[in-house]
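A.B. asks: My file is coords38.txt. It has compact mmCIF, C-alpha atoms:
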```txt
# COMPACT_ATOMS: atom_id res chain seq x y z
CA MET A 1 -4.59 -3.35 11.66
CA LYS A 2 -5.89 -5.49 8.80
CA ARG A 3 -6.29 -3.64 5.51
CA ILE A 4 -9.41 -4.25 3.47
CA ASP A 5 -9.13 -5.18 -0.21
CA PRO A 6 -10.48 -2.10 -2.02
CA PHE A 7 -11.82 -4.20 -4.89
CA ALA A 8 -13.76 -6.33 -2.39
CA VAL A 9 -15.38 -3.10 -1.15
CA ALA A 10 -16.12 -1.94 -4.71
CA PHE A 11 -17.65 -5.31 -5.63
CA GLU A 12 -19.76 -5.27 -2.47
CA ALA A 13 -21.09 -1.85 -3.52
CA ALA A 14 -21.73 -3.16 -7.05
CA ARG A 15 -23.71 -6.13 -5.69
CA ALA A 16 -25.72 -3.80 -3.45
CA ALA A 17 -26.49 -1.65 -6.50
CA ALA A 18 -27.69 -4.75 -8.39
CA ALA A 19 -29.90 -5.72 -5.45
CA ALA A 20 -31.47 -2.24 -5.71
CA GLU A 21 -31.98 -2.84 -9.46
CA GLU A 22 -29.25 -0.39 -10.41
CA VAL A 23 -26.54 -1.28 -12.94
CA PRO A 24 -23.98 -3.16 -10.80
CA VAL A 25 -21.01 -0.83 -10.73
CA GLY A 26 -19.14 -0.11 -7.52
CA ALA A 27 -16.28 2.18 -6.60
CA ALA A 28 -13.99 2.78 -3.64
CA ILE A 29 -11.57 5.62 -2.89
CA VAL A 30 -8.45 4.64 -0.96
CA ARG A 31 -5.79 6.75 0.75
CA ALA A 32 -2.74 5.25 2.45
CA GLY A 33 -4.36 1.81 2.30
CA ASP A 34 -7.57 2.88 4.03
CA VAL A 35 -10.94 3.01 2.27
CA LEU A 36 -12.26 6.58 2.56
CA SER A 37 -15.51 6.05 0.68
CA ALA A 38 -17.39 3.54 -1.42
CA ALA A 39 -20.55 3.68 -3.49
CA GLY A 40 -22.59 1.83 -6.04
CA ASN A 41 -24.61 3.28 -8.87
CA ARG A 42 -27.71 5.18 -7.69
CA THR A 43 -29.02 6.86 -10.85
CA LEU A 44 -32.50 5.37 -10.51
CA ARG A 45 -32.83 5.82 -6.76
CA ASP A 46 -31.58 9.39 -6.81
CA ARG A 47 -33.24 10.24 -10.13
CA ASP A 48 -29.85 11.66 -11.06
CA PRO A 49 -27.96 10.74 -14.24
CA THR A 50 -24.69 11.79 -12.56
CA ALA A 51 -25.10 9.37 -9.64
CA HIS A 52 -22.52 6.93 -10.98
CA ALA A 53 -20.53 4.95 -8.42
CA GLU A 54 -17.34 6.88 -9.20
CA MET A 55 -19.00 10.28 -8.84
CA LEU A 56 -20.61 9.36 -5.51
CA ALA A 57 -17.37 7.91 -4.11
CA ILE A 58 -15.39 10.98 -5.23
CA ARG A 59 -17.92 13.38 -3.69
CA ALA A 60 -17.91 11.47 -0.39
CA ALA A 61 -14.10 11.25 -0.22
CA CYS A 62 -13.78 14.99 -0.93
CA ARG A 63 -16.19 15.75 1.93
CA ILE A 64 -14.29 13.42 4.26
CA ILE A 65 -10.88 14.96 3.62
CA GLY A 66 -12.23 18.50 3.23
CA SER A 67 -10.77 19.14 -0.21
CA GLU A 68 -11.79 19.04 -3.85
CA ARG A 69 -8.47 17.33 -4.63
CA LEU A 70 -7.75 13.65 -4.04
CA VAL A 71 -4.06 13.86 -4.98
CA ASP A 72 -2.92 11.07 -2.70
CA CYS A 73 -5.92 8.84 -3.34
CA ASP A 74 -6.61 5.88 -5.60
CA LEU A 75 -9.92 4.88 -7.18
CA TYR A 76 -10.98 1.26 -7.57
CA VAL A 77 -14.00 0.69 -9.81
CA THR A 78 -15.62 -2.42 -11.24
CA LEU A 79 -16.14 -1.00 -14.75
CA GLU A 80 -14.13 1.27 -17.03
CA PRO A 81 -15.28 4.83 -16.29
CA CYS A 82 -17.40 6.80 -18.75
CA ALA A 83 -16.42 10.26 -20.03
CA MET A 84 -18.24 12.07 -17.21
CA CYS A 85 -16.51 10.00 -14.54
CA ALA A 86 -13.12 10.25 -16.28
CA ALA A 87 -13.45 14.04 -16.22
CA ALA A 88 -14.29 13.98 -12.51
CA ILE A 89 -11.30 11.70 -11.86
CA SER A 90 -9.08 14.18 -13.69
CA PHE A 91 -10.49 17.26 -11.95
CA ALA A 92 -10.17 15.56 -8.54
CA ARG A 93 -6.53 14.75 -9.34
CA VAL A 94 -6.94 11.07 -8.40
CA ARG A 95 -3.48 9.51 -8.29
CA ARG A 96 -4.26 6.02 -9.65
CA LEU A 97 -7.27 4.43 -11.31
CA TYR A 98 -7.78 0.68 -11.05
CA PHE A 99 -10.73 -0.80 -12.93
CA SER A 100 -12.07 -4.27 -13.66
CA ALA A 101 -14.10 -4.81 -16.82
CA GLN A 102 -13.55 -2.83 -19.97
CA ASP A 103 -16.56 -1.03 -21.43
CA PRO A 104 -16.18 -0.84 -25.22
CA LYS A 105 -19.59 0.83 -25.54
CA GLY A 106 -19.49 3.50 -22.80
CA GLY A 107 -15.96 3.51 -21.46
CA ALA A 108 -13.77 6.57 -21.94
CA VAL A 109 -10.40 5.45 -20.60
CA GLU A 110 -9.29 2.70 -22.99
CA HIS A 111 -12.26 3.12 -25.35
CA GLY A 112 -14.24 5.93 -26.92
CA PRO A 113 -12.65 9.33 -26.30
CA ARG A 114 -9.71 7.94 -24.27
CA PHE A 115 -10.16 10.93 -22.02
CA PHE A 116 -6.78 10.86 -20.27
CA SER A 117 -4.92 10.90 -23.62
CA GLN A 118 -6.52 14.14 -24.78
CA THR A 119 -4.43 17.32 -24.83
CA THR A 120 -7.25 19.09 -22.99
CA CYS A 121 -7.02 16.70 -20.02
CA HIS A 122 -5.62 18.59 -17.03
CA HIS A 123 -4.52 15.55 -15.05
CA ALA A 124 -4.15 11.90 -16.03
CA PRO A 125 -3.93 9.29 -13.28
CA GLU A 126 -1.88 6.14 -13.58
CA VAL A 127 -4.33 3.60 -15.05
CA TYR A 128 -4.47 -0.14 -14.40
CA GLY A 129 -7.31 -1.99 -16.12
CA GLY A 130 -8.54 -5.56 -16.34
CA ILE A 131 -8.18 -6.39 -12.62
CA ARG A 132 -10.80 -9.01 -11.67
CA GLU A 133 -12.31 -8.40 -15.11
CA SER A 134 -14.09 -11.76 -15.39
CA GLU A 135 -15.81 -11.26 -12.03
CA SER A 136 -17.12 -7.87 -13.07
CA ALA A 137 -18.16 -9.06 -16.53
CA GLN A 138 -20.07 -11.97 -14.98
CA LEU A 139 -21.87 -9.66 -12.55
CA LEU A 140 -22.92 -7.39 -15.42
CA ARG A 141 -23.97 -10.31 -17.67
CA GLU A 142 -26.14 -11.82 -14.93
CA PHE A 143 -27.74 -8.44 -14.17
CA PHE A 144 -28.68 -7.71 -17.78
CA ALA A 145 -29.76 -11.32 -18.47
CA GLN A 146 -32.39 -10.95 -15.71
CA ARG A 147 -33.78 -7.88 -17.43
CA ARG A 148 -34.29 -9.47 -20.86
```
Once more with this new file: its structure as structure tokens, please.
C.D. replies:
Amino acid sequence: MKRIDPFAVAFEAARAAAAAEEVPVGAAIVRAGDVLSAAGNRTLRDRDPTAHAEMLAIRAACRIIGSERLVDCDLYVTLEPCAMCAAAISFARVRRLYFSAQDPKGGAVEHGPRFFSQTTCHHAPEVYGGIRESESAQLLREFFAQRR
């Protein structure tokens, strides 16, 4: 069986979000090489400030496996997670976080509060950033350039 590139799935979700006029961020949850869930931002559509790609993908994966814990799962996301999403990643016990572009303004993993480095953080995943960063940065630049 051919495995799907999780970042390809996350970028597809990000592009779908952009097409829906949402900020183009996409996420995918993977377990044992299989994509369990994927989502793009839906804050405008859902009228929900918590409808970030990471949150939606985590919620869907938890429903699929029937647990609030994603201990053997990895998250692939096209942008450095914010503080809210970092907290959800920690509470869900995600094993590894892979992200593309850094977010110096709103990110909370390598920027801002550096959530996983705090003593109050219950669980810190392995973190790998900067993967396909230029692709994500370009997608975001193009999206915001169209809105100016």
A.B. asks: Need the shell around A:Ala14: protein/DNA/RNA residues with any atom at most 8 Å away, counting all atoms listed in the file. Skip same-chain ones fewer than 5 positions apart. Format as a VMD selection string?
C.D. replies: chain A and resid 23 to 27 39 to 41 78
A.B. asks: Which value, in Å to one decimal, gives the distance between atom CA of A:Phe99 and atom CA of A:Ala28?
C.D. replies: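 The value is 10.5 Å.
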A.B. asks: Nearest to A:Glu21 among A:Ala8, A:Ala57, A:Leu44, A:Ala101, with distances taken over only C-alpha atoms: which residue is it?
C.D. replies: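 Using only C-alpha atoms, A:Glu21 sits closest to A:Leu44.
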A.B. asks: Find the distance between atom CA of A:Ser100 and atom CA of A:Phe115 and write it in Å to one decimal.
C.D. replies: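 We find that atom CA of A:Ser100 and atom CA of A:Phe115 lie 17.5 Å from each other.
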A.B. asks: Starting from the point (-11.8, 9.3, 4.4), work out which residues of protein, DNA or RNA have an atom no more than 7 Å away when counting only C-alpha atoms; state them as a list in words.
C.D. replies: Val35, Leu36, Ser37, Ala61, Ile64 and Ile65 of chain A
A.B. asks: Excluding stretch 138-144 of chain A and any residue of its chain fewer than 4 positions from it, enumerate the residues within 7 Å of it, using all atoms listed in the file, and give them as a CSV table (one decimal) with C-alpha atoms, in the frame of the given file.
C.D. replies:
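Output (around19.csv):
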```csv
chain,number,residue,atom,x,y,z
A,18,ALA,CA,-27.7,-4.8,-8.4
A,24,PRO,CA,-24.0,-3.2,-10.8
A,134,SER,CA,-14.1,-11.8,-15.4
A,148,ARG,CA,-34.3,-9.5,-20.9
```
A.B. asks: Which one of A:Ile58, A:Asp72, A:Val109, A:Ala53 sits closest to A:Glu12 if you count only C-alpha atoms?
C.D. replies: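 Ranked by minimum distance to A:Glu12, first place goes to A:Ala53.
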A.B. asks: List the neighbours of A:Ile89 out to 9 Å using all atoms listed in the file; skip same-chain residues closer than 4 positions along the sequence, and give me the result as a list in words.
C.D. replies: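 Answer for this query is Glu54, Met55, Ile58, Leu70, Leu75, Met84, Cys85, Arg93, Val94, Arg95, Leu97, His123, Ala124 and Pro125 of chain A.
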A.B. asks: Which of these, A:Val30, A:Arg132, A:Ala60, A:Glu22, has the shortest distance to A:Thr43 once you count all atoms listed in the file?
C.D. replies: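 Smallest distance to A:Thr43 is found for A:Glu22.
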A.B. asks: Work out how far apart atom CA of A:Val9 and atom CA of A:Lys105 are and give it in Å to one decimal.
C.D. replies: 25.1 Å
A.B. asks: Kindly indicate which residue among A:Tyr98, A:Phe91, A:Tyr76, A:Phe7 lies nearest to A:His122, using all atoms listed in the file for the distances.
C.D. replies: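 Among the listed residues, A:Phe91 lies closest to A:His122.
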A.B. asks: From the list A:Glu68, A:Asp34, A:Asp5, A:Asp103, which residue is nearest A:Ala83 when using all atoms listed in the file?
C.D. replies: A:Asp103
A.B. asks: Considering all atoms listed in the file, state which residue in the set A:Cys82, A:Ala10, A:Ala87, A:Ala137 is at the smallest distance from A:His111.
C.D. replies: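 Using all atoms listed in the file, A:His111 sits closest to A:Cys82.
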A.B. asks: Around all of stretch 74-89 of chain A's listed atoms, make the axis-aligned box with 3 Å on each side and tell me centre and edge lengths in Å to one decimal, as AutoDock Vina command-line options.
C.D. replies:
```
--center_x -12.4 --center_y 5.8 --center_z -12.8 --size_x 17.6 --size_y 22.5 --size_z 20.4
```
A.B. asks: As a PDB file, in the coordinates of the input, please: stretch 122-133 of chain A completed to all heavy atoms.
C.D. replies:
```pdb
ATOM      1  N   HIS A 122      -6.481  17.877 -17.979  1.00  0.00           N
ATOM      2  CA  HIS A 122      -5.620  18.590 -17.030  1.00  0.00           C
ATOM      3  C   HIS A 122      -4.741  17.658 -16.195  1.00  0.00           C
ATOM      4  O   HIS A 122      -3.631  18.015 -15.823  1.00  0.00           O
ATOM      5  CB  HIS A 122      -6.463  19.443 -16.080  1.00  0.00           C
ATOM      6  CG  HIS A 122      -7.226  20.506 -16.780  1.00  0.00           C
ATOM      7  ND1 HIS A 122      -6.631  21.604 -17.344  1.00  0.00           N
ATOM      8  CD2 HIS A 122      -8.550  20.615 -17.041  1.00  0.00           C
ATOM      9  CE1 HIS A 122      -7.543  22.370 -17.903  1.00  0.00           C
ATOM     10  NE2 HIS A 122      -8.718  21.795 -17.741  1.00  0.00           N
ATOM     11  N   HIS A 123      -5.257  16.499 -15.879  1.00  0.00           N
ATOM     12  CA  HIS A 123      -4.520  15.550 -15.050  1.00  0.00           C
ATOM     13  C   HIS A 123      -4.891  14.137 -15.468  1.00  0.00           C
ATOM     14  O   HIS A 123      -6.070  13.819 -15.572  1.00  0.00           O
ATOM     15  CB  HIS A 123      -4.858  15.738 -13.569  1.00  0.00           C
ATOM     16  CG  HIS A 123      -4.395  14.602 -12.709  1.00  0.00           C
ATOM     17  ND1 HIS A 123      -3.085  14.466 -12.318  1.00  0.00           N
ATOM     18  CD2 HIS A 123      -5.059  13.534 -12.199  1.00  0.00           C
ATOM     19  CE1 HIS A 123      -2.971  13.360 -11.583  1.00  0.00           C
ATOM     20  NE2 HIS A 123      -4.146  12.785 -11.499  1.00  0.00           N
ATOM     21  N   ALA A 124      -3.913  13.308 -15.690  1.00  0.00           N
ATOM     22  CA  ALA A 124      -4.150  11.900 -16.030  1.00  0.00           C
ATOM     23  C   ALA A 124      -3.589  11.020 -14.919  1.00  0.00           C
ATOM     24  O   ALA A 124      -2.390  11.090 -14.616  1.00  0.00           O
ATOM     25  CB  ALA A 124      -3.492  11.560 -17.357  1.00  0.00           C
ATOM     26  N   PRO A 125      -4.438  10.198 -14.310  1.00  0.00           N
ATOM     27  CA  PRO A 125      -3.930   9.290 -13.280  1.00  0.00           C
ATOM     28  C   PRO A 125      -3.171   8.131 -13.916  1.00  0.00           C
ATOM     29  O   PRO A 125      -3.280   7.902 -15.126  1.00  0.00           O
ATOM     30  CB  PRO A 125      -5.216   8.778 -12.621  1.00  0.00           C
ATOM     31  CG  PRO A 125      -6.202   8.783 -13.748  1.00  0.00           C
ATOM     32  CD  PRO A 125      -5.864  10.011 -14.558  1.00  0.00           C
ATOM     33  N   GLU A 126      -2.412   7.420 -13.113  1.00  0.00           N
ATOM     34  CA  GLU A 126      -1.880   6.140 -13.580  1.00  0.00           C
ATOM     35  C   GLU A 126      -3.101   5.237 -13.727  1.00  0.00           C
ATOM     36  O   GLU A 126      -3.998   5.271 -12.876  1.00  0.00           O
ATOM     37  CB  GLU A 126      -0.937   5.535 -12.541  1.00  0.00           C
ATOM     38  CG  GLU A 126       0.339   6.298 -12.316  1.00  0.00           C
ATOM     39  CD  GLU A 126       1.175   5.660 -11.214  1.00  0.00           C
ATOM     40  OE1 GLU A 126       1.154   4.415 -11.066  1.00  0.00           O
ATOM     41  OE2 GLU A 126       1.823   6.424 -10.475  1.00  0.00           O
ATOM     42  N   VAL A 127      -3.159   4.438 -14.787  1.00  0.00           N
ATOM     43  CA  VAL A 127      -4.330   3.600 -15.050  1.00  0.00           C
ATOM     44  C   VAL A 127      -3.914   2.140 -15.117  1.00  0.00           C
ATOM     45  O   VAL A 127      -2.960   1.785 -15.816  1.00  0.00           O
ATOM     46  CB  VAL A 127      -5.028   4.003 -16.366  1.00  0.00           C
ATOM     47  CG1 VAL A 127      -6.187   3.073 -16.670  1.00  0.00           C
ATOM     48  CG2 VAL A 127      -5.497   5.449 -16.301  1.00  0.00           C
ATOM     49  N   TYR A 128      -4.683   1.300 -14.400  1.00  0.00           N
ATOM     50  CA  TYR A 128      -4.470  -0.140 -14.400  1.00  0.00           C
ATOM     51  C   TYR A 128      -5.833  -0.804 -14.622  1.00  0.00           C
ATOM     52  O   TYR A 128      -6.699  -0.737 -13.751  1.00  0.00           O
ATOM     53  CB  TYR A 128      -3.866  -0.603 -13.066  1.00  0.00           C
ATOM     54  CG  TYR A 128      -2.573   0.095 -12.754  1.00  0.00           C
ATOM     55  CD1 TYR A 128      -2.570   1.269 -11.996  1.00  0.00           C
ATOM     56  CD2 TYR A 128      -1.362  -0.382 -13.243  1.00  0.00           C
ATOM     57  CE1 TYR A 128      -1.382   1.937 -11.728  1.00  0.00           C
ATOM     58  CE2 TYR A 128      -0.175   0.277 -12.976  1.00  0.00           C
ATOM     59  CZ  TYR A 128      -0.187   1.441 -12.211  1.00  0.00           C
ATOM     60  OH  TYR A 128       0.981   2.107 -11.942  1.00  0.00           O
ATOM     61  N   GLY A 129      -6.018  -1.388 -15.792  1.00  0.00           N
ATOM     62  CA  GLY A 129      -7.310  -1.990 -16.120  1.00  0.00           C
ATOM     63  C   GLY A 129      -7.244  -3.504 -16.168  1.00  0.00           C
ATOM     64  O   GLY A 129      -6.170  -4.107 -16.190  1.00  0.00           O
ATOM     65  N   GLY A 130      -8.423  -4.114 -16.194  1.00  0.00           N
ATOM     66  CA  GLY A 130      -8.540  -5.560 -16.340  1.00  0.00           C
ATOM     67  C   GLY A 130      -8.364  -6.345 -15.050  1.00  0.00           C
ATOM     68  O   GLY A 130      -8.264  -7.574 -15.092  1.00  0.00           O
ATOM     69  N   ILE A 131      -8.359  -5.699 -13.909  1.00  0.00           N
ATOM     70  CA  ILE A 131      -8.180  -6.390 -12.620  1.00  0.00           C
ATOM     71  C   ILE A 131      -9.519  -6.974 -12.191  1.00  0.00           C
ATOM     72  O   ILE A 131     -10.502  -6.250 -12.057  1.00  0.00           O
ATOM     73  CB  ILE A 131      -7.630  -5.418 -11.559  1.00  0.00           C
ATOM     74  CG1 ILE A 131      -6.319  -4.802 -12.038  1.00  0.00           C
ATOM     75  CG2 ILE A 131      -7.458  -6.139 -10.217  1.00  0.00           C
ATOM     76  CD1 ILE A 131      -5.879  -3.586 -11.262  1.00  0.00           C
ATOM     77  N   ARG A 132      -9.570  -8.277 -12.023  1.00  0.00           N
ATOM     78  CA  ARG A 132     -10.800  -9.010 -11.670  1.00  0.00           C
ATOM     79  C   ARG A 132     -11.881  -8.782 -12.744  1.00  0.00           C
ATOM     80  O   ARG A 132     -13.068  -8.713 -12.460  1.00  0.00           O
ATOM     81  CB  ARG A 132     -11.293  -8.612 -10.276  1.00  0.00           C
ATOM     82  CG  ARG A 132     -10.319  -9.059  -9.185  1.00  0.00           C
ATOM     83  CD  ARG A 132     -10.665  -8.574  -7.814  1.00  0.00           C
ATOM     84  NE  ARG A 132     -11.867  -9.200  -7.280  1.00  0.00           N
ATOM     85  CZ  ARG A 132     -12.260  -9.083  -6.016  1.00  0.00           C
ATOM     86  NH1 ARG A 132     -11.531  -8.367  -5.170  1.00  0.00           N
ATOM     87  NH2 ARG A 132     -13.363  -9.649  -5.602  1.00  0.00           N
ATOM     88  N   GLU A 133     -11.427  -8.688 -13.983  1.00  0.00           N
ATOM     89  CA  GLU A 133     -12.310  -8.400 -15.110  1.00  0.00           C
ATOM     90  C   GLU A 133     -13.410  -9.439 -15.270  1.00  0.00           C
ATOM     91  O   GLU A 133     -14.568  -9.093 -15.490  1.00  0.00           O
ATOM     92  CB  GLU A 133     -11.500  -8.288 -16.398  1.00  0.00           C
ATOM     93  CG  GLU A 133     -12.333  -7.910 -17.597  1.00  0.00           C
ATOM     94  CD  GLU A 133     -11.486  -7.556 -18.800  1.00  0.00           C
ATOM     95  OE1 GLU A 133     -10.276  -7.827 -18.808  1.00  0.00           O
ATOM     96  OE2 GLU A 133     -12.066  -6.987 -19.739  1.00  0.00           O
TER      97      GLU A 133
END
```
